[in-house]
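S.K.: The following file, coords03.csv, comprises CSV, C-alpha atoms:
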```
chain,number,residue,atom,x,y,z
M,1,MET,CA,39.0,165.5,79.8
M,2,LYS,CA,42.4,165.3,81.5
M,3,LYS,CA,42.5,161.5,81.1
M,4,SER,CA,41.6,161.7,77.4
M,5,ILE,CA,44.4,164.1,76.8
M,6,LEU,CA,46.9,161.9,78.6
M,7,LEU,CA,45.8,158.8,76.6
M,8,PHE,CA,46.2,160.8,73.4
M,9,LEU,CA,49.8,161.8,74.3
M,10,LEU,CA,50.8,158.2,75.0
M,11,PHE,CA,50.2,157.4,71.4
M,12,VAL,CA,52.1,160.3,70.0
M,13,PHE,CA,55.3,159.2,68.3
M,14,VAL,CA,56.9,162.6,67.6
M,15,SER,CA,57.4,165.2,70.3
M,16,THR,CA,58.6,168.8,69.9
M,17,VAL,CA,60.0,170.4,73.0
M,18,ILE,CA,60.6,174.2,73.3
M,19,ALA,CA,63.6,175.1,75.4
M,20,GLU,CA,63.1,178.2,77.6
M,21,LYS,CA,66.6,179.6,77.4
M,22,PRO,CA,67.7,180.0,74.7
M,23,LYS,CA,64.4,179.7,72.8
M,24,GLN,CA,65.6,177.2,70.2
M,25,LEU,CA,63.5,174.3,68.9
M,26,VAL,CA,64.3,170.9,70.3
M,27,ASN,CA,62.9,168.0,68.3
M,28,ILE,CA,62.7,164.4,69.8
M,29,THR,CA,61.4,161.5,67.8
M,30,GLY,CA,61.0,157.8,68.7
M,31,GLU,CA,58.8,154.7,68.2
M,32,ARG,CA,56.9,155.2,71.4
M,33,MET,CA,56.3,157.9,74.0
M,34,GLU,CA,55.2,157.7,77.6
M,35,VAL,CA,54.2,160.7,79.9
M,36,LEU,CA,55.1,160.1,83.5
M,37,GLU,CA,54.9,162.0,86.8
M,38,ARG,CA,51.9,164.1,85.6
M,39,GLY,CA,53.7,165.4,82.6
M,40,GLU,CA,57.0,166.2,84.3
M,41,ILE,CA,58.9,163.4,82.6
M,42,THR,CA,58.4,162.3,79.0
M,43,ARG,CA,60.0,159.0,78.0
M,44,PHE,CA,60.8,158.0,74.5
M,45,LEU,CA,61.6,154.4,73.4
M,46,GLY,CA,63.0,152.9,70.3
M,47,ASN,CA,65.3,154.6,67.8
M,48,VAL,CA,65.2,157.8,69.7
M,49,LYS,CA,66.7,160.9,68.1
M,50,LEU,CA,67.1,164.4,69.6
M,51,VAL,CA,68.0,167.4,67.4
M,52,LYS,CA,68.8,170.9,68.7
M,53,GLY,CA,70.7,173.1,66.2
M,54,LYS,CA,73.9,171.3,65.4
M,55,ASP,CA,73.6,168.9,68.3
M,56,VAL,CA,72.2,165.4,67.4
M,57,ILE,CA,71.8,162.6,70.0
M,58,THR,CA,70.5,159.1,69.3
M,59,SER,CA,69.9,156.4,71.9
M,60,ASP,CA,67.7,153.4,72.7
M,61,THR,CA,65.7,155.3,75.2
M,62,MET,CA,65.5,158.9,76.4
M,63,GLU,CA,63.8,160.8,79.2
M,64,HIS,CA,63.1,164.5,79.1
M,65,TYR,CA,62.7,166.3,82.5
M,66,GLU,CA,60.4,169.2,82.0
M,67,LYS,CA,61.2,171.5,85.0
M,68,LYS,CA,65.0,171.4,84.7
M,69,ASN,CA,64.9,170.9,81.0
M,70,TYR,CA,67.5,168.2,80.5
M,71,VAL,CA,67.4,164.7,78.9
M,72,ILE,CA,69.0,161.4,79.8
M,73,GLY,CA,69.7,159.0,76.9
M,74,LYS,CA,70.4,155.4,77.6
M,75,GLY,CA,71.7,152.5,75.5
M,76,ASN,CA,73.9,152.9,72.4
M,77,VAL,CA,74.3,156.6,72.8
M,78,HIS,CA,75.7,158.5,69.9
M,79,PHE,CA,76.2,162.3,70.1
M,80,THR,CA,77.5,164.6,67.4
M,81,THR,CA,78.0,168.3,67.2
M,82,TYR,CA,79.9,170.9,65.1
M,83,PRO,CA,81.6,173.5,67.3
M,84,GLY,CA,83.4,174.9,64.2
M,85,GLU,CA,82.9,175.1,60.5
M,86,SER,CA,84.9,171.9,59.7
M,87,ILE,CA,85.3,170.6,63.2
M,88,LYS,CA,83.1,167.7,64.3
M,89,LEU,CA,82.8,166.2,67.8
M,90,GLU,CA,81.6,162.6,67.9
M,91,ALA,CA,80.9,160.8,71.2
M,92,PHE,CA,79.8,157.3,72.2
M,93,SER,CA,78.6,155.9,75.6
M,94,ASN,CA,76.1,153.9,77.4
M,95,GLN,CA,74.4,156.9,79.0
M,96,LEU,CA,74.3,160.7,78.3
M,97,THR,CA,72.9,163.5,80.4
M,98,TYR,CA,72.3,166.6,78.2
M,99,ASN,CA,71.2,170.0,79.5
M,100,VAL,CA,69.0,171.5,76.8
M,101,ASN,CA,69.7,175.1,77.9
M,102,SER,CA,73.4,175.1,78.4
M,103,LYS,CA,74.2,172.2,76.1
M,104,LYS,CA,76.5,170.8,78.9
M,105,SER,CA,76.7,167.0,78.7
M,106,VAL,CA,77.9,164.1,80.9
M,107,LEU,CA,78.8,160.8,79.3
M,108,THR,CA,79.2,157.6,81.4
M,109,GLY,CA,79.5,153.9,80.6
M,110,ASN,CA,82.6,153.4,78.4
M,111,PRO,CA,82.5,156.9,77.0
M,112,LYS,CA,84.6,157.9,74.0
M,113,LEU,CA,85.0,161.3,72.4
M,114,ILE,CA,86.6,162.0,69.0
M,115,ARG,CA,87.5,165.5,67.6
M,116,ILE,CA,87.6,165.3,63.8
M,117,ASP,CA,88.9,167.9,61.4
M,118,GLU,CA,86.9,167.1,58.3
M,119,GLU,CA,89.4,169.1,56.1
M,120,ASN,CA,92.3,167.0,57.5
M,121,SER,CA,91.4,163.3,58.1
M,122,GLU,CA,94.7,162.6,59.9
M,123,ASP,CA,94.1,165.3,62.5
M,124,ARG,CA,92.0,163.3,65.0
M,125,VAL,CA,92.1,163.5,68.8
M,126,LYS,CA,90.5,160.5,70.6
M,127,ILE,CA,89.7,160.7,74.3
M,128,GLU,CA,88.5,158.0,76.7
M,129,GLY,CA,87.7,157.8,80.5
M,130,GLU,CA,85.2,156.7,83.1
M,131,VAL,CA,83.3,160.0,82.9
M,132,ILE,CA,83.5,162.6,80.1
M,133,LYS,CA,82.0,166.1,80.7
M,134,LEU,CA,81.5,168.5,77.8
M,135,PHE,CA,80.9,172.2,78.7
M,136,GLY,CA,78.9,173.2,75.7
M,137,ASN,CA,79.7,176.7,74.4
M,138,GLU,CA,82.9,176.8,76.6
M,139,LYS,CA,84.4,174.3,74.2
M,140,LYS,CA,86.1,172.4,77.0
M,141,VAL,CA,86.1,168.8,78.1
M,142,HIS,CA,86.9,167.3,81.5
M,143,VAL,CA,87.6,163.6,81.9
M,144,GLU,CA,87.6,161.7,85.3
M,145,GLY,CA,89.1,158.2,85.9
M,146,ASN,CA,91.4,156.3,83.6
M,147,ALA,CA,91.7,159.3,81.2
M,148,ARG,CA,93.4,158.6,77.9
M,149,VAL,CA,94.1,160.7,74.8
M,150,GLU,CA,95.5,159.6,71.5
M,151,HIS,CA,96.8,161.7,68.6
M,152,ARG,CA,98.9,160.2,65.8
M,153,GLU,CA,102.0,158.6,67.3
M,154,ILE,CA,101.4,159.9,70.9
M,155,THR,CA,99.2,158.3,73.6
M,156,ALA,CA,98.9,159.8,77.1
M,157,ALA,CA,97.1,158.6,80.2
M,158,GLY,CA,96.3,159.9,83.7
M,159,LYS,CA,93.6,160.0,86.3
M,160,PHE,CA,92.2,163.3,85.1
M,161,LEU,CA,92.3,165.2,81.8
M,162,ASP,CA,91.3,168.7,80.7
M,163,TYR,CA,90.9,169.4,77.0
M,164,ASP,CA,90.2,172.6,75.2
M,165,TYR,CA,89.0,171.4,71.7
M,166,GLU,CA,89.3,174.9,70.2
M,167,THR,CA,93.0,175.5,71.1
M,168,LYS,CA,93.7,171.7,71.2
M,169,LYS,CA,95.5,171.9,74.5
M,170,VAL,CA,95.5,168.8,76.7
M,171,VAL,CA,96.4,168.7,80.4
M,172,LEU,CA,96.8,165.4,82.3
M,173,TYR,CA,97.2,165.1,86.1
M,174,GLY,CA,96.7,162.7,89.0
M,175,ASP,CA,98.4,159.3,89.6
M,176,SER,CA,101.6,160.2,87.8
M,177,PRO,CA,100.3,160.6,84.2
M,178,HIS,CA,102.3,158.9,81.5
M,179,ILE,CA,102.9,159.7,77.8
M,180,TYR,CA,103.9,157.1,75.3
M,181,GLN,CA,105.6,157.8,72.0
M,182,ASN,CA,106.2,155.3,69.2
M,183,ASN,CA,107.6,156.3,65.8
M,184,GLU,CA,110.3,155.2,63.4
M,185,GLN,CA,113.2,156.5,65.4
M,186,VAL,CA,112.3,155.9,69.1
M,187,LYS,CA,109.9,154.3,71.5
M,188,GLY,CA,109.5,156.2,74.8
M,189,ASN,CA,107.7,156.1,78.1
M,190,TYR,CA,107.6,159.4,80.1
M,191,SER,CA,105.9,160.3,83.4
M,192,ALA,CA,105.4,163.4,85.5
M,193,GLU,CA,103.0,165.0,87.9
M,194,ILE,CA,101.5,167.2,85.2
M,195,ILE,CA,101.7,166.7,81.4
M,196,THR,CA,100.6,169.5,79.0
M,197,ILE,CA,100.3,168.7,75.3
M,198,PHE,CA,100.0,171.5,72.7
M,199,ILE,CA,98.7,169.4,69.8
M,200,ASP,CA,99.0,172.1,67.0
M,201,GLU,CA,102.5,173.1,68.1
M,202,GLU,CA,103.6,169.5,68.6
M,203,ARG,CA,105.0,170.6,72.0
M,204,ILE,CA,104.9,168.8,75.3
M,205,ILE,CA,105.7,170.2,78.8
M,206,MET,CA,106.2,167.8,81.7
M,207,GLU,CA,106.4,169.1,85.3
M,208,GLY,CA,107.2,167.5,88.7
M,209,ASN,CA,109.1,164.3,89.3
M,210,VAL,CA,109.8,163.8,85.6
M,211,LYS,CA,111.0,160.3,84.4
M,212,ALA,CA,111.9,159.2,80.9
M,213,PHE,CA,112.6,155.7,79.5
M,214,ILE,CA,113.7,155.9,75.9
M,215,TYR,CA,114.3,153.0,73.6
M,216,PRO,CA,116.0,153.9,70.2
M,217,LYS,CA,115.0,151.7,67.4
M,218,ASN,CA,117.4,150.0,65.0
M,219,ARG,CA,117.1,151.1,61.4
```
Could you write out this file's structure as structure tokens?

M.R.:
Amino acid sequence: MKKSILLFLLFVFVSTVIAEKPKQLVNITGERMEVLERGEITRFLGNVKLVKGKDVITSDTMEHYEKKNYVIGKGNVHFTTYPGESIKLEAFSNQLTYNVNSKKSVLTGNPKLIRIDEENSEDRVKIEGEVIKLFGNEKKVHVEGNARVEHREITAAGKFLDYDYETKKVVLYGDSPHIYQNNEQVKGNYSAEIITIFIDEERIIMEGNVKAFIYPKNR
């Protein structure tokens, strides 16, 4: 009887997983499904898509780990969510680990994250790094290794980056972070031990061993 049930599951193309906390429906679809480790791991292959509330993840393959209730998506990962009414977060990477309960995510393999204000197309914040961690409902992002942020005419880079995508505050630190500015009047390269960017206020604070190289442009 157990063997027949397992064989049946191997041919199921659509799986619905119920998260324990909170009790919200998680729907995973794909072209093929495999049940491994006596049902503890479910693997989906081919055009995989996970939907939980406003979170949508697509990837080439995805594994759901039953006991700890998290998934790992691999290959062409695309993650979108809406933390605000008109605010969209869109991420790309080679691999994503997603905790179904807390909605915390870890992106690795050339990860990129974009914050988009759908009511203001120019108001985009783009973040890159070696590892990008999203803390779900806390609305915070932590980036490790070659962290980089871009917003309009400003680009900043450092070893680490913390970003609050609700208040739009960015903090860069580690390995003397730099900020680059390029507009019609001036081109600049600034460095410090800590750089804090208040995006909405268009204000920057630089602390510790501050250096500035400013190149005025000819009109």

S.K.: Which residue out of M:Arg38, M:Lys168, M:Lys67, M:Lys103 has the minimum interatomic distance to Val26 (chain M) when only C-alpha atoms are used?

M.R.: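 For Val26 (chain M), the nearest of the candidates is M:Lys103.
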
S.K.: Would you pick out the contacts of region 145-152 of chain M at 12 Å or less, using all atoms listed in the file, so that residues sharing its chain but fewer than 6 positions from it are not included, and give the list as a ChimeraX atom specification?

M.R.: /M:108-116,121-133,158-163,168-183,195-200,202

S.K.: What is the CA of Asn99 (chain M) to CA of Gly39 (chain M) distance in Å?

M.R.: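 If I compute the distance from CA of Asn99 (chain M) to CA of Gly39 (chain M), I get 18.4 Å.
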
S.K.: Quick one: pull the distance between CA of Val100 (chain M) and CA of Lys68 (chain M), Å, one decimal.

M.R.: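 These atoms are spaced 8.9 Å apart.
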
S.K.: Could you jot down the CA of Glu193 (chain M) to CA of Gly208 (chain M) separation for me, Å, one decimal place?

M.R.: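 Pair CA of Glu193 (chain M) / CA of Gly208 (chain M) returns 5.0 Å.
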
S.K.: Show me, as a PyMOL selection string, the residues that have an atom within 7 Å of Ser86 (chain M) when counting all atoms listed in the file, minus same-chain residues fewer than 6 positions from it.

M.R.: chain M and resi 117-119

S.K.: Excluding same-chain residues fewer than 6 positions from Pro216 (chain M), what lies within 10 Å of it counting all atoms listed in the file, as a tab-separated table (two decimals) with C-alpha atoms, in the frame of the given file?

M.R.:
```
chain	number	residue	atom	x	y	z
M	182	ASN	CA	106.20	155.30	69.20
M	183	ASN	CA	107.60	156.30	65.80
M	184	GLU	CA	110.30	155.20	63.40
M	185	GLN	CA	113.20	156.50	65.40
M	186	VAL	CA	112.30	155.90	69.10
M	187	LYS	CA	109.90	154.30	71.50
M	188	GLY	CA	109.50	156.20	74.80
```

S.K.: Quick one: of M:Glu37, M:His64, M:Lys104, M:Tyr215, who's nearest to Leu50 (chain M), counting all atoms listed in the file?

M.R.: M:His64

S.K.: Step by step: start from the point (69.7, 152.9, 75.3) in the file's coordinates, keep every protein, DNA or RNA residue that has an atom no farther than 12 Å from it, count all atoms listed in the file, and write the set as a PyMOL selection string.

M.R.: chain M and resi 30+43-49+57-63+72-78+92-96+109

S.K.: Save the residues we just selected, C-alpha atoms, as a short mmCIF file (atom, residue, chain, number, x, y, z; two decimals), in the coordinates of the input?

M.R.:
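What landed in result-v2.cif:
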```cif
data_model
loop_
_atom_site.label_atom_id
_atom_site.label_comp_id
_atom_site.auth_asym_id
_atom_site.auth_seq_id
_atom_site.Cartn_x
_atom_site.Cartn_y
_atom_site.Cartn_z
CA GLY M 30 61.00 157.80 68.70
CA ARG M 43 60.00 159.00 78.00
CA PHE M 44 60.80 158.00 74.50
CA LEU M 45 61.60 154.40 73.40
CA GLY M 46 63.00 152.90 70.30
CA ASN M 47 65.30 154.60 67.80
CA VAL M 48 65.20 157.80 69.70
CA LYS M 49 66.70 160.90 68.10
CA ILE M 57 71.80 162.60 70.00
CA THR M 58 70.50 159.10 69.30
CA SER M 59 69.90 156.40 71.90
CA ASP M 60 67.70 153.40 72.70
CA THR M 61 65.70 155.30 75.20
CA MET M 62 65.50 158.90 76.40
CA GLU M 63 63.80 160.80 79.20
CA ILE M 72 69.00 161.40 79.80
CA GLY M 73 69.70 159.00 76.90
CA LYS M 74 70.40 155.40 77.60
CA GLY M 75 71.70 152.50 75.50
CA ASN M 76 73.90 152.90 72.40
CA VAL M 77 74.30 156.60 72.80
CA HIS M 78 75.70 158.50 69.90
CA PHE M 92 79.80 157.30 72.20
CA SER M 93 78.60 155.90 75.60
CA ASN M 94 76.10 153.90 77.40
CA GLN M 95 74.40 156.90 79.00
CA LEU M 96 74.30 160.70 78.30
CA GLY M 109 79.50 153.90 80.60
#
```

S.K.: When you get a chance, write out N, CA and C atoms for region 183-209 of chain M, as a PDB file, keeping the file's coordinate frame.

M.R.:
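Final file, result.pdb:
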```pdb
ATOM      1  N   ASN M 183     107.489 155.968  67.236  1.00  0.00           N
ATOM      2  CA  ASN M 183     107.600 156.300  65.800  1.00  0.00           C
ATOM      3  C   ASN M 183     108.798 155.545  65.228  1.00  0.00           C
ATOM      4  N   GLU M 184     109.249 155.930  64.065  1.00  0.00           N
ATOM      5  CA  GLU M 184     110.300 155.200  63.400  1.00  0.00           C
ATOM      6  C   GLU M 184     111.641 155.244  64.074  1.00  0.00           C
ATOM      7  N   GLN M 185     111.883 156.320  64.812  1.00  0.00           N
ATOM      8  CA  GLN M 185     113.200 156.500  65.400  1.00  0.00           C
ATOM      9  C   GLN M 185     113.260 155.994  66.879  1.00  0.00           C
ATOM     10  N   VAL M 186     112.165 156.162  67.626  1.00  0.00           N
ATOM     11  CA  VAL M 186     112.300 155.900  69.100  1.00  0.00           C
ATOM     12  C   VAL M 186     110.933 155.437  69.646  1.00  0.00           C
ATOM     13  N   LYS M 187     111.065 154.680  70.725  1.00  0.00           N
ATOM     14  CA  LYS M 187     109.900 154.300  71.500  1.00  0.00           C
ATOM     15  C   LYS M 187     110.175 154.799  72.941  1.00  0.00           C
ATOM     16  N   GLY M 188     109.250 155.585  73.492  1.00  0.00           N
ATOM     17  CA  GLY M 188     109.500 156.200  74.800  1.00  0.00           C
ATOM     18  C   GLY M 188     108.331 156.108  75.746  1.00  0.00           C
ATOM     19  N   ASN M 189     108.660 156.113  77.048  1.00  0.00           N
ATOM     20  CA  ASN M 189     107.700 156.100  78.100  1.00  0.00           C
ATOM     21  C   ASN M 189     108.083 157.186  79.115  1.00  0.00           C
ATOM     22  N   TYR M 190     107.267 158.230  79.259  1.00  0.00           N
ATOM     23  CA  TYR M 190     107.600 159.400  80.100  1.00  0.00           C
ATOM     24  C   TYR M 190     106.516 159.573  81.139  1.00  0.00           C
ATOM     25  N   SER M 191     106.905 160.010  82.338  1.00  0.00           N
ATOM     26  CA  SER M 191     105.900 160.300  83.400  1.00  0.00           C
ATOM     27  C   SER M 191     106.266 161.563  84.125  1.00  0.00           C
ATOM     28  N   ALA M 192     105.256 162.188  84.739  1.00  0.00           N
ATOM     29  CA  ALA M 192     105.400 163.400  85.500  1.00  0.00           C
ATOM     30  C   ALA M 192     104.194 163.625  86.359  1.00  0.00           C
ATOM     31  N   GLU M 193     104.181 164.688  87.153  1.00  0.00           N
ATOM     32  CA  GLU M 193     103.000 165.000  87.900  1.00  0.00           C
ATOM     33  C   GLU M 193     101.928 165.706  87.083  1.00  0.00           C
ATOM     34  N   ILE M 194     102.389 166.517  86.134  1.00  0.00           N
ATOM     35  CA  ILE M 194     101.500 167.200  85.200  1.00  0.00           C
ATOM     36  C   ILE M 194     102.080 167.138  83.803  1.00  0.00           C
ATOM     37  N   ILE M 195     101.267 166.750  82.836  1.00  0.00           N
ATOM     38  CA  ILE M 195     101.700 166.700  81.400  1.00  0.00           C
ATOM     39  C   ILE M 195     100.774 167.618  80.626  1.00  0.00           C
ATOM     40  N   THR M 196     101.368 168.565  79.896  1.00  0.00           N
ATOM     41  CA  THR M 196     100.600 169.500  79.000  1.00  0.00           C
ATOM     42  C   THR M 196     101.014 169.235  77.587  1.00  0.00           C
ATOM     43  N   ILE M 197     100.026 168.999  76.740  1.00  0.00           N
ATOM     44  CA  ILE M 197     100.300 168.700  75.300  1.00  0.00           C
ATOM     45  C   ILE M 197      99.644 169.834  74.486  1.00  0.00           C
ATOM     46  N   PHE M 198     100.466 170.526  73.687  1.00  0.00           N
ATOM     47  CA  PHE M 198     100.000 171.500  72.700  1.00  0.00           C
ATOM     48  C   PHE M 198      99.960 170.830  71.369  1.00  0.00           C
ATOM     49  N   ILE M 199      98.815 170.325  70.975  1.00  0.00           N
ATOM     50  CA  ILE M 199      98.700 169.400  69.800  1.00  0.00           C
ATOM     51  C   ILE M 199      99.150 170.160  68.534  1.00  0.00           C
ATOM     52  N   ASP M 200      98.643 171.361  68.282  1.00  0.00           N
ATOM     53  CA  ASP M 200      99.000 172.100  67.000  1.00  0.00           C
ATOM     54  C   ASP M 200     100.454 172.427  66.962  1.00  0.00           C
ATOM     55  N   GLU M 201     101.058 172.737  68.108  1.00  0.00           N
ATOM     56  CA  GLU M 201     102.500 173.100  68.100  1.00  0.00           C
ATOM     57  C   GLU M 201     103.380 171.917  68.195  1.00  0.00           C
ATOM     58  N   GLU M 202     102.810 170.721  68.407  1.00  0.00           N
ATOM     59  CA  GLU M 202     103.600 169.500  68.600  1.00  0.00           C
ATOM     60  C   GLU M 202     104.626 169.712  69.706  1.00  0.00           C
ATOM     61  N   ARG M 203     104.133 170.263  70.818  1.00  0.00           N
ATOM     62  CA  ARG M 203     105.000 170.600  72.000  1.00  0.00           C
ATOM     63  C   ARG M 203     104.412 169.991  73.225  1.00  0.00           C
ATOM     64  N   ILE M 204     105.304 169.464  74.089  1.00  0.00           N
ATOM     65  CA  ILE M 204     104.900 168.800  75.300  1.00  0.00           C
ATOM     66  C   ILE M 204     105.687 169.407  76.490  1.00  0.00           C
ATOM     67  N   ILE M 205     104.996 169.723  77.588  1.00  0.00           N
ATOM     68  CA  ILE M 205     105.700 170.200  78.800  1.00  0.00           C
ATOM     69  C   ILE M 205     105.329 169.208  79.923  1.00  0.00           C
ATOM     70  N   MET M 206     106.386 168.743  80.623  1.00  0.00           N
ATOM     71  CA  MET M 206     106.200 167.800  81.700  1.00  0.00           C
ATOM     72  C   MET M 206     106.776 168.454  82.985  1.00  0.00           C
ATOM     73  N   GLU M 207     105.996 168.416  84.075  1.00  0.00           N
ATOM     74  CA  GLU M 207     106.400 169.100  85.300  1.00  0.00           C
ATOM     75  C   GLU M 207     106.248 168.178  86.511  1.00  0.00           C
ATOM     76  N   GLY M 208     107.255 168.218  87.389  1.00  0.00           N
ATOM     77  CA  GLY M 208     107.200 167.500  88.700  1.00  0.00           C
ATOM     78  C   GLY M 208     107.574 166.035  88.571  1.00  0.00           C
ATOM     79  N   ASN M 209     108.706 165.671  89.191  1.00  0.00           N
ATOM     80  CA  ASN M 209     109.100 164.300  89.300  1.00  0.00           C
ATOM     81  C   ASN M 209     109.147 163.600  87.897  1.00  0.00           C
TER      82      ASN M 209
END
```
